[in-house]
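Printed here is upload.txt (compact mmCIF, C-alpha atoms):
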# COMPACT_ATOMS: atom_id res chain seq x y z
CA MET F 1 2.43 -24.29 -79.49
CA GLY F 2 3.87 -27.13 -81.55
CA THR F 3 3.45 -26.89 -85.32
CA GLU F 4 3.26 -30.68 -85.68
CA ARG F 5 -0.21 -30.83 -84.16
CA ALA F 6 -3.57 -29.93 -85.66
CA TRP F 7 -5.14 -28.03 -82.79
CA THR F 8 -8.83 -27.51 -82.16
CA THR F 9 -9.79 -24.40 -80.17
CA THR F 10 -12.94 -24.74 -78.09
CA PRO F 11 -14.63 -21.74 -76.43
CA VAL F 12 -14.78 -22.05 -72.66
CA THR F 13 -18.49 -21.92 -71.94
CA ALA F 14 -20.64 -22.70 -68.92
CA ASP F 15 -21.54 -26.17 -70.20
CA LEU F 16 -17.87 -27.19 -69.90
CA LEU F 17 -17.57 -25.97 -66.31
CA ARG F 18 -18.60 -27.68 -63.08
CA GLY F 19 -18.56 -26.08 -59.65
CA ALA F 20 -19.04 -22.50 -60.88
CA VAL F 21 -22.37 -20.69 -60.52
CA ASP F 22 -21.55 -17.81 -62.87
CA LEU F 23 -19.18 -17.06 -65.73
CA GLU F 24 -18.06 -13.47 -66.27
CA ARG F 25 -16.68 -12.22 -69.58
CA ALA F 26 -13.32 -10.71 -68.59
CA GLU F 27 -10.70 -8.70 -70.46
CA ARG F 28 -8.63 -11.72 -71.53
CA GLY F 29 -11.03 -14.62 -71.17
CA VAL F 30 -13.78 -15.79 -68.88
CA LEU F 31 -13.71 -15.68 -65.10
CA PRO F 32 -15.54 -18.39 -63.12
CA HIS F 33 -17.37 -17.20 -60.03
CA ARG F 34 -18.72 -19.10 -57.04
CA LEU F 35 -21.36 -16.49 -56.27
CA PRO F 36 -23.88 -15.08 -58.78
CA ALA F 37 -23.68 -11.47 -59.98
CA ARG F 38 -26.48 -10.27 -57.71
CA ALA F 39 -24.69 -11.60 -54.63
CA ARG F 40 -21.37 -10.13 -55.74
CA GLN F 41 -22.98 -6.68 -55.93
CA GLN F 42 -23.80 -6.96 -52.21
CA ILE F 43 -20.33 -8.01 -51.02
CA PRO F 44 -19.23 -5.42 -48.45
CA ASP F 45 -15.43 -5.67 -48.72
CA GLY F 46 -12.50 -7.13 -50.61
CA GLN F 47 -12.02 -10.35 -48.65
CA PRO F 48 -15.20 -12.20 -49.73
CA ALA F 49 -14.85 -10.73 -53.24
CA MET F 50 -11.37 -12.25 -53.54
CA ALA F 51 -12.46 -15.52 -51.95
CA GLU F 52 -15.47 -16.17 -54.19
CA SER F 53 -13.38 -15.51 -57.33
CA GLN F 54 -10.84 -18.16 -56.32
CA PRO F 55 -12.17 -21.28 -58.07
CA SER F 56 -12.12 -23.86 -55.28
CA GLY F 57 -13.88 -26.94 -56.63
CA VAL F 58 -14.26 -25.47 -60.13
CA ARG F 59 -13.16 -27.69 -63.02
CA LEU F 60 -13.33 -27.88 -66.79
CA VAL F 61 -14.99 -31.16 -67.82
CA PHE F 62 -15.13 -32.55 -71.35
CA ARG F 63 -15.00 -35.77 -73.38
CA THR F 64 -12.30 -36.19 -76.03
CA ARG F 65 -9.80 -38.51 -77.72
CA ALA F 66 -7.11 -35.83 -77.41
CA THR F 67 -3.63 -36.87 -76.31
CA ALA F 68 -2.56 -33.26 -75.69
CA VAL F 69 -4.41 -30.36 -74.06
CA GLU F 70 -3.40 -26.72 -73.77
CA LEU F 71 -5.09 -24.20 -71.51
CA ASP F 72 -4.28 -20.48 -71.67
CA VAL F 73 -4.84 -18.80 -68.31
CA VAL F 74 -4.35 -15.49 -66.55
CA ALA F 75 -3.69 -16.31 -62.91
CA THR F 76 -3.75 -13.73 -60.14
CA LYS F 77 -0.66 -14.13 -57.99
CA ARG F 78 -0.80 -12.87 -54.40
CA ILE F 79 2.26 -11.26 -52.88
CA TYR F 80 2.30 -10.20 -49.24
CA VAL F 81 4.82 -7.47 -48.47
CA GLY F 82 7.57 -8.80 -46.21
CA ALA F 83 6.64 -12.46 -46.73
CA PRO F 84 8.30 -15.11 -48.90
CA PRO F 85 6.58 -15.80 -52.24
CA ARG F 86 3.47 -17.94 -52.09
CA PRO F 87 3.53 -21.25 -53.99
CA ASP F 88 1.96 -21.14 -57.44
CA GLY F 89 -1.59 -22.43 -57.74
CA VAL F 90 -1.87 -25.99 -59.01
CA TYR F 91 -3.95 -27.17 -61.99
CA GLU F 92 -4.73 -30.89 -61.94
CA LEU F 93 -5.82 -32.91 -64.97
CA LEU F 94 -7.78 -36.09 -64.36
CA VAL F 95 -8.54 -38.78 -66.95
CA ASP F 96 -11.60 -40.89 -66.12
CA GLY F 97 -11.26 -39.78 -62.51
CA ARG F 98 -7.53 -40.52 -62.16
CA LEU F 99 -4.82 -37.90 -61.81
CA ALA F 100 -2.85 -37.69 -65.08
CA GLY F 101 -0.97 -34.40 -64.80
CA ARG F 102 -0.25 -31.23 -62.83
CA ALA F 103 0.80 -27.78 -63.99
CA CYS F 104 1.33 -24.27 -62.64
CA ALA F 105 1.20 -20.82 -64.17
CA ALA F 106 4.45 -19.12 -63.14
CA GLU F 107 3.29 -15.61 -64.02
CA GLY F 108 0.09 -13.60 -64.26
CA ASP F 109 -1.57 -10.58 -62.73
CA THR F 110 0.00 -9.73 -59.38
CA LEU F 111 -2.04 -8.73 -56.34
CA THR F 112 0.40 -7.10 -53.91
CA VAL F 113 -1.01 -6.80 -50.38
CA ASP F 114 0.53 -4.78 -47.57
CA LEU F 115 -1.02 -6.28 -44.45
CA ALA F 116 0.44 -3.54 -42.27
CA SER F 117 -1.14 -0.66 -44.20
CA GLY F 118 -4.14 -2.53 -45.56
CA THR F 119 -3.39 -1.50 -49.16
CA ALA F 120 -3.37 -3.60 -52.32
CA ARG F 121 -2.58 -3.13 -56.01
CA THR F 122 -2.87 -5.44 -59.04
CA PRO F 123 -0.66 -4.77 -62.08
CA SER F 124 -1.41 -6.88 -65.17
CA GLY F 125 0.75 -9.82 -66.20
CA PRO F 126 0.98 -12.23 -69.14
CA VAL F 127 -1.22 -15.04 -70.37
CA GLU F 128 0.39 -18.40 -69.55
CA THR F 129 -0.04 -21.62 -71.53
CA LEU F 130 -0.35 -24.86 -69.58
CA ARG F 131 0.28 -28.06 -71.53
CA PHE F 132 -0.73 -31.61 -70.66
CA SER F 133 0.51 -34.29 -73.06
CA GLY F 134 0.87 -38.06 -73.30
CA LEU F 135 -2.80 -38.67 -72.55
CA PRO F 136 -4.25 -42.05 -73.61
CA ASP F 137 -5.46 -42.21 -77.21
CA HIS F 138 -9.07 -43.21 -76.64
CA ALA F 139 -12.36 -41.54 -75.81
CA LYS F 140 -12.21 -40.40 -72.19
CA ASP F 141 -13.58 -37.94 -69.68
CA VAL F 142 -11.12 -35.18 -68.85
CA GLU F 143 -11.32 -32.83 -65.89
CA ILE F 144 -9.01 -29.88 -65.27
CA TRP F 145 -9.34 -28.72 -61.67
CA LEU F 146 -8.47 -25.04 -61.31
CA PRO F 147 -6.37 -23.81 -58.36
CA HIS F 148 -8.49 -23.60 -55.24
CA ASP F 149 -6.69 -20.47 -54.02
CA GLU F 150 -5.73 -18.54 -57.17
CA THR F 151 -8.20 -16.43 -59.19
CA THR F 152 -7.96 -17.61 -62.80
CA GLN F 153 -9.21 -16.22 -66.09
CA LEU F 154 -9.59 -18.91 -68.77
CA ALA F 155 -8.38 -17.49 -72.08
CA ALA F 156 -8.35 -20.48 -74.47
CA LEU F 157 -8.72 -24.27 -74.57
CA ARG F 158 -6.90 -26.20 -77.30
CA THR F 159 -6.80 -29.93 -77.95
CA ASP F 160 -5.45 -32.18 -80.70
CA ALA F 161 -8.90 -33.79 -81.10
CA PRO F 162 -12.42 -32.37 -80.84
CA VAL F 163 -13.99 -31.69 -77.47
CA HIS F 164 -17.55 -32.68 -76.55
CA VAL F 165 -19.74 -31.83 -73.60
CA PRO F 166 -19.80 -35.02 -71.51
CA PRO F 167 -23.09 -36.78 -70.93
CA ASP F 168 -24.71 -36.43 -67.55
CA GLY F 169 -23.20 -39.09 -65.34
CA GLY F 170 -26.22 -39.16 -63.06
CA HIS F 171 -24.27 -38.02 -60.01
CA LYS F 172 -25.98 -35.94 -57.36
CA VAL F 173 -24.91 -32.34 -56.79
CA TRP F 174 -23.53 -31.57 -53.34
CA LEU F 175 -23.62 -27.88 -52.39
CA HIS F 176 -21.39 -26.97 -49.45
CA HIS F 177 -20.74 -23.70 -47.62
CA GLY F 178 -18.04 -23.01 -45.07
CA SER F 179 -14.97 -21.00 -44.14
CA SER F 180 -11.35 -21.03 -45.32
CA ILE F 181 -11.08 -24.63 -44.10
CA SER F 182 -13.78 -25.59 -46.62
CA HIS F 183 -12.23 -23.25 -49.20
CA GLY F 184 -9.01 -25.24 -48.88
CA SER F 185 -6.52 -23.12 -46.93
CA ASN F 186 -3.19 -24.98 -46.48
CA ALA F 187 -4.19 -27.69 -48.97
CA THR F 188 -1.56 -28.00 -51.70
CA ALA F 189 -3.77 -29.07 -54.61
CA PRO F 190 -7.40 -28.51 -55.66
CA THR F 191 -8.38 -32.17 -55.35
CA GLY F 192 -6.81 -32.23 -51.89
CA THR F 193 -9.23 -29.85 -50.16
CA TRP F 194 -11.43 -31.74 -47.73
CA PRO F 195 -14.68 -31.13 -49.69
CA ALA F 196 -13.00 -32.41 -52.89
CA VAL F 197 -11.78 -35.50 -51.05
CA ALA F 198 -15.26 -36.16 -49.64
CA ALA F 199 -16.96 -35.54 -53.01
CA ALA F 200 -14.69 -38.06 -54.75
CA LEU F 201 -15.38 -40.69 -52.10
CA GLY F 202 -19.12 -39.94 -52.18
CA ARG F 203 -19.21 -39.93 -56.01
CA VAL F 204 -21.04 -36.60 -56.15
CA GLU F 205 -20.60 -33.35 -58.09
CA LEU F 206 -19.21 -30.69 -55.78
CA VAL F 207 -20.25 -27.04 -55.72
CA ASN F 208 -17.99 -25.50 -53.09
CA MET F 209 -19.19 -22.24 -51.55
CA GLY F 210 -16.45 -22.30 -48.94
CA PHE F 211 -15.16 -18.72 -48.73
CA SER F 212 -11.99 -17.86 -46.86
CA GLY F 213 -12.78 -15.56 -43.95
CA SER F 214 -16.35 -15.17 -45.14
CA ALA F 215 -18.64 -17.82 -43.62
CA LEU F 216 -20.54 -15.12 -41.74
CA LEU F 217 -24.19 -16.07 -42.28
CA ASP F 218 -24.42 -13.41 -44.99
CA PRO F 219 -27.93 -13.20 -46.49
CA PHE F 220 -26.54 -12.97 -50.04
CA THR F 221 -24.79 -16.32 -49.54
CA ALA F 222 -27.99 -17.93 -48.27
CA ARG F 223 -29.91 -16.60 -51.27
CA ALA F 224 -27.21 -17.90 -53.63
CA MET F 225 -27.53 -21.35 -52.06
CA ARG F 226 -31.32 -21.13 -52.27
CA ASP F 227 -31.09 -20.49 -56.02
CA THR F 228 -28.36 -23.06 -56.83
CA ARG F 229 -29.29 -26.53 -58.00
CA ALA F 230 -28.48 -29.07 -55.31
CA ASP F 231 -29.45 -32.60 -54.32
CA LEU F 232 -27.48 -32.50 -51.06
CA ILE F 233 -26.54 -29.46 -48.96
CA SER F 234 -24.25 -28.81 -46.02
CA VAL F 235 -23.31 -25.65 -44.13
CA LYS F 236 -20.32 -25.48 -41.80
CA ILE F 237 -20.78 -22.62 -39.35
CA GLY F 238 -18.64 -21.12 -36.64
CA ILE F 239 -14.97 -20.26 -36.90
CA ASN F 240 -15.29 -17.06 -38.94
CA LEU F 241 -17.91 -15.68 -36.56
CA VAL F 242 -15.40 -16.08 -33.74
CA ASN F 243 -12.47 -14.79 -35.87
CA THR F 244 -14.28 -11.56 -36.62
CA ASP F 245 -16.12 -11.23 -33.29
CA LEU F 246 -19.04 -10.35 -35.53
CA MET F 247 -22.02 -11.00 -33.28
CA ARG F 248 -23.12 -12.08 -29.83
CA LEU F 249 -25.11 -15.15 -28.86
CA ARG F 250 -28.38 -13.16 -28.90
CA ALA F 251 -27.93 -12.43 -32.63
CA PHE F 252 -26.34 -15.76 -33.57
CA GLY F 253 -29.36 -18.02 -33.08
CA PRO F 254 -31.81 -15.90 -35.12
CA ALA F 255 -29.17 -15.44 -37.83
CA VAL F 256 -28.75 -19.22 -38.15
CA HIS F 257 -32.53 -19.63 -38.38
CA VAL F 258 -32.80 -17.01 -41.14
CA PHE F 259 -29.90 -18.59 -43.06
CA LEU F 260 -31.53 -22.02 -42.92
CA ASP F 261 -34.99 -20.61 -43.67
CA THR F 262 -33.63 -18.96 -46.82
CA ILE F 263 -32.01 -22.18 -48.04
CA ARG F 264 -35.22 -24.05 -47.33
CA ASP F 265 -37.18 -21.57 -49.47
CA GLY F 266 -35.46 -23.11 -52.50
CA HIS F 267 -34.76 -26.60 -51.20
CA PRO F 268 -37.62 -27.52 -48.84
CA THR F 269 -36.90 -31.26 -48.59
CA THR F 270 -33.26 -31.55 -49.70
CA PRO F 271 -31.05 -33.36 -47.15
CA LEU F 272 -29.32 -30.52 -45.27
CA ILE F 273 -26.49 -31.06 -42.77
CA VAL F 274 -25.44 -28.35 -40.32
CA VAL F 275 -21.79 -28.95 -39.43
CA SER F 276 -20.38 -27.42 -36.25
CA PRO F 277 -16.74 -26.25 -35.98
CA VAL F 278 -13.76 -28.60 -36.00
CA HIS F 279 -11.35 -28.36 -33.09
CA CYS F 280 -9.19 -25.24 -32.85
CA ALA F 281 -7.41 -24.79 -29.53
CA LEU F 282 -7.22 -21.01 -29.99
CA HIS F 283 -10.95 -20.50 -29.76
CA GLU F 284 -12.46 -23.51 -28.00
CA ASP F 285 -13.25 -21.34 -24.96
CA THR F 286 -11.63 -18.02 -25.87
CA PRO F 287 -13.63 -15.51 -27.91
CA GLY F 288 -12.29 -13.50 -30.80
CA PRO F 289 -11.31 -11.46 -32.51
CA THR F 290 -8.40 -13.37 -34.02
CA ALA F 291 -5.20 -11.43 -34.66
CA THR F 292 -2.29 -12.19 -36.97
CA ASP F 293 1.19 -12.80 -35.54
CA PHE F 294 3.66 -11.32 -38.04
CA SER F 295 6.78 -11.96 -35.95
CA GLU F 296 8.01 -14.83 -38.12
CA LEU F 297 6.53 -13.72 -41.44
CA SER F 298 9.92 -13.11 -43.08
CA GLU F 299 10.78 -16.77 -42.41
CA GLY F 300 7.56 -17.84 -44.07
CA ARG F 301 5.68 -18.61 -40.86
CA LEU F 302 2.37 -16.93 -40.17
CA ARG F 303 0.37 -17.69 -37.05
CA PHE F 304 -2.87 -16.53 -35.54
CA VAL F 305 -3.63 -15.66 -31.94
CA ALA F 306 -6.85 -15.23 -29.95
CA THR F 307 -7.23 -11.80 -28.37
CA GLY F 308 -10.52 -12.22 -26.50
CA ASP F 309 -11.10 -12.85 -22.81
CA PRO F 310 -12.73 -16.16 -21.80
CA ALA F 311 -14.68 -14.25 -19.13
CA ASP F 312 -16.55 -12.42 -21.90
CA ARG F 313 -18.55 -15.56 -22.65
CA ALA F 314 -20.81 -14.40 -19.83
CA THR F 315 -21.71 -11.31 -21.88
CA GLY F 316 -22.63 -13.38 -24.95
CA LYS F 317 -19.33 -13.49 -26.82
CA LEU F 318 -19.02 -16.54 -29.06
CA THR F 319 -16.52 -19.36 -28.74
CA LEU F 320 -16.43 -22.63 -30.66
CA ASN F 321 -17.93 -24.56 -27.75
CA VAL F 322 -20.74 -22.00 -27.39
CA ILE F 323 -21.47 -22.26 -31.12
CA ARG F 324 -21.46 -26.08 -31.06
CA GLU F 325 -24.00 -26.14 -28.25
CA GLU F 326 -26.26 -23.59 -29.94
CA LEU F 327 -26.15 -25.32 -33.33
CA ALA F 328 -27.01 -28.68 -31.78
CA ARG F 329 -29.97 -27.09 -30.00
CA ILE F 330 -31.22 -25.29 -33.12
CA VAL F 331 -31.04 -28.38 -35.32
CA GLU F 332 -32.73 -30.57 -32.71
CA GLU F 333 -35.64 -28.12 -32.42
CA ARG F 334 -36.03 -27.55 -36.16
CA ALA F 335 -35.77 -31.26 -37.01
CA VAL F 336 -39.11 -31.86 -35.29
CA THR F 337 -40.80 -30.30 -38.33
CA ASP F 338 -37.90 -30.72 -40.79
CA PRO F 339 -36.90 -34.41 -40.86
CA ASP F 340 -34.39 -33.78 -43.66
CA LEU F 341 -32.32 -31.47 -41.44
CA HIS F 342 -29.34 -33.09 -39.70
CA HIS F 343 -26.48 -32.14 -37.36
CA LEU F 344 -22.87 -33.28 -37.72
CA HIS F 345 -20.59 -32.56 -34.78
CA GLY F 346 -17.38 -30.97 -36.04
CA LEU F 347 -15.25 -32.70 -33.43
CA GLY F 348 -16.12 -35.96 -35.19
CA LEU F 349 -14.25 -34.63 -38.22
CA TYR F 350 -11.23 -33.24 -36.39
CA GLY F 351 -10.93 -33.24 -32.61
CA ALA F 352 -8.41 -32.45 -29.89
CA ALA F 353 -6.61 -35.78 -30.36
CA ASP F 354 -6.32 -35.08 -34.08
CA GLU F 355 -4.84 -31.65 -33.43
CA ALA F 356 -2.22 -33.28 -31.19
CA GLU F 357 -1.28 -35.67 -34.02
CA LEU F 358 -1.84 -33.33 -36.98
CA PRO F 359 -1.43 -29.80 -35.54
CA LEU F 360 -2.79 -26.78 -37.38
CA PRO F 361 0.37 -25.18 -38.84
CA ASP F 362 -0.84 -21.61 -38.31
CA GLY F 363 -3.19 -22.27 -35.44
CA LEU F 364 -6.32 -22.14 -37.62
CA HIS F 365 -6.02 -24.18 -40.82
CA PRO F 366 -5.44 -27.92 -41.35
CA ASP F 367 -2.46 -29.19 -43.30
CA PRO F 368 -2.88 -31.47 -46.37
CA ALA F 369 -2.95 -34.64 -44.26
CA ALA F 370 -5.64 -33.18 -42.00
CA HIS F 371 -7.67 -32.06 -45.04
CA ARG F 372 -7.66 -35.68 -46.23
CA LEU F 373 -8.63 -36.92 -42.78
CA ILE F 374 -11.56 -34.50 -42.54
CA GLY F 375 -12.71 -35.37 -46.07
CA GLU F 376 -12.57 -39.11 -45.40
CA ARG F 377 -14.48 -38.75 -42.15
CA PHE F 378 -17.15 -36.54 -43.71
CA ALA F 379 -17.60 -39.09 -46.49
CA ARG F 380 -18.04 -41.84 -43.95
CA LEU F 381 -20.40 -39.89 -41.68
CA ALA F 382 -22.48 -38.25 -44.43
CA PHE F 383 -22.36 -40.56 -47.46
CA ASP F 384 -21.73 -44.03 -45.99
CA GLY F 385 -24.89 -44.69 -44.04
CA GLY F 386 -25.39 -41.04 -43.10
CA PRO F 387 -27.94 -38.40 -44.16
CA PHE F 388 -26.64 -38.31 -47.75
CA ALA F 389 -26.45 -42.08 -48.23
CA THR F 390 -29.77 -42.74 -49.98
CA ARG F 391 -29.50 -39.67 -52.22
CA SER F 392 -25.84 -39.75 -53.31
CA ARG F 393 -25.77 -42.54 -55.89
As a first step, turn the structure in this file into structure tokens.
Amino acid sequence: MGTERAWTTTPVTADLLRGAVDLERAERGVLPHRLPARARQQIPDGQPAMAESQPSGVRLVFRTRATAVELDVVATKRIYVGAPPRPDGVYELLVDGRLAGRACAAEGDTLTVDLASGTARTPSGPVETLRFSGLPDHAKDVEIWLPHDETTQLAALRTDAPVHVPPDGGHKVWLHHGSSISHGSNATAPTGTWPAVAAALGRVELVNMGFSGSALLDPFTARAMRDTRADLISVKIGINLVNTDLMRLRAFGPAVHVFLDTIRDGHPTTPLIVVSPVHCALHEDTPGPTATDFSELSEGRLRFVATGDPADRATGKLTLNVIREELARIVEERAVTDPDLHHLHGLGLYGAADEAELPLPDGLHPDPAAHRLIGERFARLAFDGGPFATRSR
């Protein structure tokens, strides 16, 4: 830290954070969470626990005249045995809504995962200081978007001018739930995930409950959404249920109803969009489960394969087309008594023609260009004349 500056240290508190629903006091700072403590106690395994702690859509927001900002962080790096190193998570600083800097934490705690044995360990690493300088010397709104795919403890915030909680900008809060696609898998920056792109275009405050591998109609997620402030809500349902081969058609419909009923207990008239799956050739008509192809992992290429039998649809196994049809039916029936419930067909966000032009690199997840495409289309379909239009400004 430069001695020429007079630094002000500001505690990282909940009033400086957007997109987090809970803030845990950790060993070396505070840890933002995207599920509340009660829900975290009910998580059945490590995948959703890891996913909800990765701060997709979470950002520090403050008003200041500072020309330099330092943020001390403890990032959790993920290493997969036998695979090349993953890219470092990206922190993006925005000034009055415009990108003004990027930074990465090169070191931190290290989560080493052996996919073959199913084991993991996490030795501790150092606190890293990120510095953003050369910011304009006037009062401004600053946002620091945390990495969408890297768990991050926030240890200290320093600036060369005082920090103030920004006034309420009057923007609506959009609460979204989905799978790894909503979480941001294969996006290269936190503002590049499709929900972040859509939120910026819709001029809304994003709360992203997209959880990698974990959009499974879990009751604790529905209750968390019920209890979270929201002016606009969307739920994207489908791909993880096929990935995991979690349930059959007989259980799927009632589970969707219960999930929506629970959200409605807290948000009875909030505009609510049910989004069906985007196109994924693997599982359009082939059930899960999905398996991982490790054959090219050492070259940095990981792909997924479908292991189900299309004939098993007759026994109630789920495919993306089966799920799309069932979701459309459920929304149409419920909308008779719930006029604020809407359906958005996932193929309108990313369809077969889009996959031909912008193929999914690993067979499941969109690349950065496809994330932008999906975000732009959602903004047009939902915010520009769609179900969120009258409530988003």
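Excluding F:Gly351 and any residue on its chain fewer than 4 positions from it, the residues at most 12 Å away by all atoms listed in the file are Ser276, Pro277, Val278, His279, Cys280, Ala281, Glu284, His345, Gly346, Leu347, Glu355, Ala356, Glu357, Leu358, Pro359, Leu360, Pro366, Ala370, Leu373, Ile374 and Arg377 of chain F.
Residues with any atom within 12 Å of F:Arg313, counting all atoms listed in the file and excluding same-chain neighbours fewer than 2 positions away, are F:Val242, F:Asp245, F:Arg248, F:Leu249, F:Arg250, F:His283, F:Glu284, F:Asp285, F:Thr286, F:Pro287, F:Gly288, F:Gly308, F:Asp309, F:Pro310, F:Ala311, F:Thr315, F:Gly316, F:Lys317, F:Leu318, F:Thr319, F:Leu320, F:Asn321, F:Val322, F:Ile323.
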At most 10 Å is the cut-off: for each residue in stretch 59-100 of chain F with any atom that close to an atom of stretch 30-50 of chain F, write down the nearest atom pair and the distance in Å rounded to one decimal, counting all atoms listed in the file, chain first then increasing number, as a Markdown table.
| residue | atom | partner | partner_atom | distance |
| --- | --- | --- | --- | --- |
| F:Arg59 | CA | F:Pro32 | CA | 9.6 |
| F:Val73 | CA | F:Val30 | CA | 9.5 |
| F:Val74 | CA | F:Leu31 | CA | 9.5 |
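We find atom CA of F:Pro147 and atom CA of F:Gly57 to be spaced 8.3 Å apart.
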Protein and nucleic acid residues near (-17.0, -22.0, -46.8) (cut-off 8 Å, only C-alpha atoms) as a short mmCIF file (atom, residue, chain, number, x, y, z; two decimals) with C-alpha atoms, in the coordinates of the input:
data_model
loop_
_atom_site.label_atom_id
_atom_site.label_comp_id
_atom_site.auth_asym_id
_atom_site.auth_seq_id
_atom_site.Cartn_x
_atom_site.Cartn_y
_atom_site.Cartn_z
CA HIS F 176 -21.39 -26.97 -49.45
CA HIS F 177 -20.74 -23.70 -47.62
CA GLY F 178 -18.04 -23.01 -45.07
CA SER F 179 -14.97 -21.00 -44.14
CA SER F 180 -11.35 -21.03 -45.32
CA ILE F 181 -11.08 -24.63 -44.10
CA SER F 182 -13.78 -25.59 -46.62
CA HIS F 183 -12.23 -23.25 -49.20
CA ASN F 208 -17.99 -25.50 -53.09
CA MET F 209 -19.19 -22.24 -51.55
CA GLY F 210 -16.45 -22.30 -48.94
CA PHE F 211 -15.16 -18.72 -48.73
CA SER F 212 -11.99 -17.86 -46.86
CA SER F 214 -16.35 -15.17 -45.14
CA ALA F 215 -18.64 -17.82 -43.62
CA VAL F 235 -23.31 -25.65 -44.13
CA LYS F 236 -20.32 -25.48 -41.80
#
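Nearest to F:Val331 of all the residues F:Leu381, F:Ala353, F:Leu241, F:Val275 is F:Val275, based on only C-alpha atoms.
Here atom CA of F:Asp149 is placed at a distance of 23.7 Å from atom CA of F:Arg229.
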Report task. Would you please work out which residue, of F:Ala139, F:Leu217, F:Ala26, F:Leu246, is nearest to F:Asp261 when using all atoms listed in the file? Result -> F:Leu217
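Here atom CA of F:Thr152 stands at a distance of 6.3 Å from atom CA of F:Thr76.
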Can you list, as a compact mmCIF listing (two decimals) with C-alpha atoms, in the frame of the given file, every protein, DNA or RNA residue that comes within 7 Å of F:Leu93 when you count only C-alpha atoms, leaving out same-chain residues fewer than 3 positions away?
# COMPACT_ATOMS: atom_id res chain seq x y z
CA LEU F 99 -4.82 -37.90 -61.81
CA ALA F 100 -2.85 -37.69 -65.08
CA GLY F 101 -0.97 -34.40 -64.80
CA ARG F 102 -0.25 -31.23 -62.83
CA VAL F 142 -11.12 -35.18 -68.85
CA GLU F 143 -11.32 -32.83 -65.89
CA ILE F 144 -9.01 -29.88 -65.27
CA TRP F 145 -9.34 -28.72 -61.67
N, CA and C atoms restored at stretch 311-325 of chain F, emitted as a compact mmCIF listing (two decimals), in the frame of the given file:
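Output (result19.txt):
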# COMPACT_ATOMS: atom_id res chain seq x y z
N ALA F 311 -13.62 -14.74 -20.03
CA ALA F 311 -14.68 -14.25 -19.13
C ALA F 311 -15.81 -13.58 -19.89
N ASP F 312 -15.52 -13.13 -21.13
CA ASP F 312 -16.55 -12.42 -21.90
C ASP F 312 -17.62 -13.34 -22.45
N ARG F 313 -17.47 -14.66 -22.27
CA ARG F 313 -18.55 -15.56 -22.65
C ARG F 313 -19.82 -15.23 -21.87
N ALA F 314 -19.65 -14.73 -20.68
CA ALA F 314 -20.81 -14.40 -19.83
C ALA F 314 -21.62 -13.25 -20.41
N THR F 315 -21.00 -12.43 -21.26
CA THR F 315 -21.71 -11.31 -21.88
C THR F 315 -22.22 -11.67 -23.27
N GLY F 316 -22.09 -12.94 -23.66
CA GLY F 316 -22.63 -13.38 -24.95
C GLY F 316 -21.62 -13.49 -26.06
N LYS F 317 -20.31 -13.31 -25.76
CA LYS F 317 -19.33 -13.49 -26.82
C LYS F 317 -19.26 -14.96 -27.22
N LEU F 318 -18.99 -15.18 -28.50
CA LEU F 318 -19.02 -16.54 -29.06
C LEU F 318 -17.65 -17.21 -28.97
N THR F 319 -17.68 -18.48 -28.61
CA THR F 319 -16.52 -19.36 -28.74
C THR F 319 -16.98 -20.58 -29.53
N LEU F 320 -16.05 -21.44 -29.89
CA LEU F 320 -16.43 -22.63 -30.66
C LEU F 320 -17.34 -23.55 -29.85
N ASN F 321 -17.06 -23.70 -28.57
CA ASN F 321 -17.93 -24.56 -27.75
C ASN F 321 -19.33 -23.97 -27.60
N VAL F 322 -19.42 -22.65 -27.46
CA VAL F 322 -20.74 -22.00 -27.39
C VAL F 322 -21.50 -22.24 -28.70
N ILE F 323 -20.83 -22.08 -29.82
CA ILE F 323 -21.47 -22.26 -31.12
C ILE F 323 -21.91 -23.71 -31.31
N ARG F 324 -21.07 -24.66 -30.91
CA ARG F 324 -21.46 -26.08 -31.06
C ARG F 324 -22.74 -26.38 -30.28
N GLU F 325 -22.81 -25.89 -29.06
CA GLU F 325 -24.00 -26.14 -28.25
C GLU F 325 -25.23 -25.51 -28.87
